[in-house]
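Trainee: Pasting a structure below so you can have a look.
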Amino acid sequence: MSKNRKPDASNATRHLDCRCACGEINYMTARAPLFRLLCHCSICQQFNDSAFADVVVFRAAAVQQPDASKIRFDTYRPPPNVQRGKCTICERPAIEVFEAPLAPSLIMIPQPMFVDNAALPDPVAHIFYESRVDDINDALPKYSGYFRSQLAFGKFLIRGLWQG
């Protein structure tokens, strides 16, 4: 994968359309994402039914959240800082909502939800890489372990908030 593209000023107010596989869930973003990353934790593997999650992170205020009645939210690990939601029809991951004390509210959108993937930034890193199913041969930094992965997420979040 190529070097991470920084959102430019023209992308700052660009709307990105999101749609699940069956089309039941539709929503859009109102601002550029903070960052995109690849998570290999067992929860992301289970939620996405995939070897890893490719998620794009936004401030919650930048996302027009979809109709909650069309989403089944589950908590995979207490405390429920992250509520992960799947479409009630196609059962595909649709949205993840992160809320924690003293932290900004975030929305993580699975990459397959985006109608136009060309508008997305490149991923910045792999986290929870120790839980990987397969080795990934790319130049992205790979963080292993709970604390290193959480610190990396925090670093990219602060950078995204600072730049945005």
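Quick note on naming: the chains in the structure tokens go A, B, ... in the order shown, residues restart at 1 in each chain, and ligands are numbered from 1 in order of appearance.
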Please provide as an NGL selection string all residues within 9 Å of stretch 88-93 of chain A, with the sequence filter that same-chain residues fewer than 3 positions apart are discarded (counting only C-alpha atoms).
Mentor: :A and (20-24 or 47-49 or 69-72 or 84-85 or 96 or 109-110 or 112-113)
Trainee: DSSP on the backbone: what in stretch 41-162 of chain A comes out helix (DSSP H, G or I), as a VMD selection string?
Mentor: chain A and resid 42 to 48 60 to 62 68 to 70 111 to 113 117 to 119 129 to 131 146 to 162
Trainee: Could you pull out the strand (DSSP E or B) residues of stretch 57-98 of chain A, going by DSSP on the backbone, and write them as a ChimeraX atom specification?
Mentor: /A:57-59,63-64,71-74,82-87,93-98
Trainee: Which of these residues is nearest to A:Leu157, using only C-alpha atoms: A:Phe58, A:Phe52, A:Tyr27, A:Phe114?
Mentor: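 Ranked by minimum distance to A:Leu157, first place goes to A:Phe58.
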Trainee: Can you list, as number ranges by chain, every protein, DNA or RNA residue that comes within 8 Å of A:Tyr143 when you count only C-alpha atoms, leaving out same-chain residues fewer than 2 positions away?
Mentor: A: 125-130, 141, 145, 148-149, 152
Trainee: Would you pick out the contacts of A:Gln45 at 10 Å or less, using only C-alpha atoms, so that residues sharing its chain but fewer than 6 positions from it are not included, and give the list as a VMD selection string?
Mentor: chain A and resid 39 51 to 53 131 to 133
Trainee: Neighbours of A:Gln83 within 9 Å (only C-alpha atoms; same-chain residues fewer than 5 positions away dropped), as a short mmCIF file (atom, residue, chain, number, x, y, z; two decimals) with all heavy atoms, in the first residue's frame?
Mentor:
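Everything below was put into selection.cif:
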```cif
data_model
loop_
_atom_site.label_atom_id
_atom_site.label_comp_id
_atom_site.auth_asym_id
_atom_site.auth_seq_id
_atom_site.Cartn_x
_atom_site.Cartn_y
_atom_site.Cartn_z
N PHE A 73 -27.11 -3.98 17.29
CA PHE A 73 -25.87 -3.66 17.99
C PHE A 73 -25.55 -4.76 18.99
O PHE A 73 -26.43 -5.25 19.69
CB PHE A 73 -25.97 -2.32 18.72
CG PHE A 73 -25.86 -1.13 17.80
CD1 PHE A 73 -26.99 -0.51 17.32
CD2 PHE A 73 -24.62 -0.65 17.42
CE1 PHE A 73 -26.89 0.58 16.46
CE2 PHE A 73 -24.50 0.43 16.58
CZ PHE A 73 -25.65 1.05 16.09
N ASP A 74 -24.27 -5.11 19.05
CA ASP A 74 -23.80 -6.12 19.99
C ASP A 74 -22.58 -5.60 20.72
O ASP A 74 -21.81 -4.78 20.19
CB ASP A 74 -23.40 -7.41 19.27
CG ASP A 74 -24.59 -8.18 18.74
OD1 ASP A 74 -25.61 -8.24 19.45
OD2 ASP A 74 -24.51 -8.71 17.62
N THR A 75 -22.41 -6.08 21.94
CA THR A 75 -21.22 -5.81 22.73
C THR A 75 -20.42 -7.09 22.77
O THR A 75 -20.93 -8.13 23.21
CB THR A 75 -21.60 -5.36 24.15
OG1 THR A 75 -22.40 -4.19 24.07
CG2 THR A 75 -20.36 -5.07 24.98
N TYR A 76 -19.20 -7.03 22.32
CA TYR A 76 -18.36 -8.23 22.27
C TYR A 76 -17.49 -8.38 23.50
O TYR A 76 -16.99 -9.46 23.76
CB TYR A 76 -17.50 -8.21 21.00
CG TYR A 76 -18.30 -8.47 19.75
CD1 TYR A 76 -19.10 -7.49 19.19
CD2 TYR A 76 -18.26 -9.71 19.14
CE1 TYR A 76 -19.84 -7.74 18.04
CE2 TYR A 76 -19.00 -9.97 17.99
CZ TYR A 76 -19.79 -8.98 17.45
OH TYR A 76 -20.53 -9.22 16.33
N ILE A 95 -21.57 -0.31 11.16
CA ILE A 95 -21.06 0.86 11.89
C ILE A 95 -20.58 0.41 13.26
O ILE A 95 -21.08 -0.57 13.81
CB ILE A 95 -22.17 1.94 12.02
CG1 ILE A 95 -21.59 3.28 12.43
CG2 ILE A 95 -23.29 1.47 12.92
CD1 ILE A 95 -22.55 4.45 12.24
N GLU A 96 -19.61 1.14 13.80
CA GLU A 96 -19.13 0.90 15.16
C GLU A 96 -19.10 2.25 15.87
O GLU A 96 -18.57 3.22 15.33
CB GLU A 96 -17.74 0.27 15.15
CG GLU A 96 -17.72 -1.07 14.43
CD GLU A 96 -16.34 -1.66 14.31
OE1 GLU A 96 -15.70 -1.90 15.36
OE2 GLU A 96 -15.89 -1.85 13.17
N VAL A 97 -19.66 2.29 17.06
CA VAL A 97 -19.76 3.53 17.83
C VAL A 97 -18.88 3.40 19.07
O VAL A 97 -19.05 2.47 19.86
CB VAL A 97 -21.23 3.81 18.22
CG1 VAL A 97 -21.34 5.10 19.02
CG2 VAL A 97 -22.13 3.83 16.99
N PHE A 98 -17.95 4.34 19.22
CA PHE A 98 -17.02 4.33 20.35
C PHE A 98 -17.32 5.51 21.26
O PHE A 98 -17.32 6.66 20.82
CB PHE A 98 -15.57 4.43 19.86
CG PHE A 98 -14.57 4.62 20.97
CD1 PHE A 98 -14.09 3.53 21.68
CD2 PHE A 98 -14.12 5.88 21.31
CE1 PHE A 98 -13.17 3.70 22.70
CE2 PHE A 98 -13.20 6.05 22.34
CZ PHE A 98 -12.72 4.96 23.04
N GLU A 99 -17.57 5.22 22.52
CA GLU A 99 -17.75 6.27 23.53
C GLU A 99 -17.05 5.84 24.80
O GLU A 99 -17.26 4.73 25.28
CB GLU A 99 -19.23 6.53 23.78
CG GLU A 99 -19.91 7.13 22.57
CD GLU A 99 -21.34 7.56 22.84
OE1 GLU A 99 -21.82 7.40 23.97
OE2 GLU A 99 -21.97 8.05 21.90
#
```
Trainee: My list of candidates is A:Cys18, A:Cys87, A:Met108, A:Ala30. Which is closest to A:Asp54 when distances are computed with only C-alpha atoms?
Mentor: A:Met108
Trainee: Listing only residues of stretch 21-84 of chain A within 9 Å of stretch 115-120 of chain A, what is the closest atom pair and its distance in Å (to one decimal) for each, using only C-alpha atoms, sorted by chain and residue number ascending, as a Markdown table?
Mentor:
```
| residue | atom | partner | partner_atom | distance |
| --- | --- | --- | --- | --- |
| A:Ala32 | CA | A:Leu120 | CA | 8.6 |
| A:Pro33 | CA | A:Leu120 | CA | 7.9 |
| A:Arg36 | CA | A:Leu120 | CA | 8.1 |
| A:Val56 | CA | A:Leu120 | CA | 8.0 |
```
Trainee: Looking at A:Ala60, A:Arg77, A:Ile25, A:Tyr146, which one is nearest to A:Gln46, with distances taken over only C-alpha atoms?
Mentor: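 Closest candidate: A:Arg77.
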Trainee: List the neighbours of A:His15 out to 8 Å using only C-alpha atoms; skip same-chain residues closer than 5 positions along the sequence, and give me the result as a list of chain:residue names.
Mentor: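 That gives A:Met28, A:Thr29, A:Ala30, A:Arg31.
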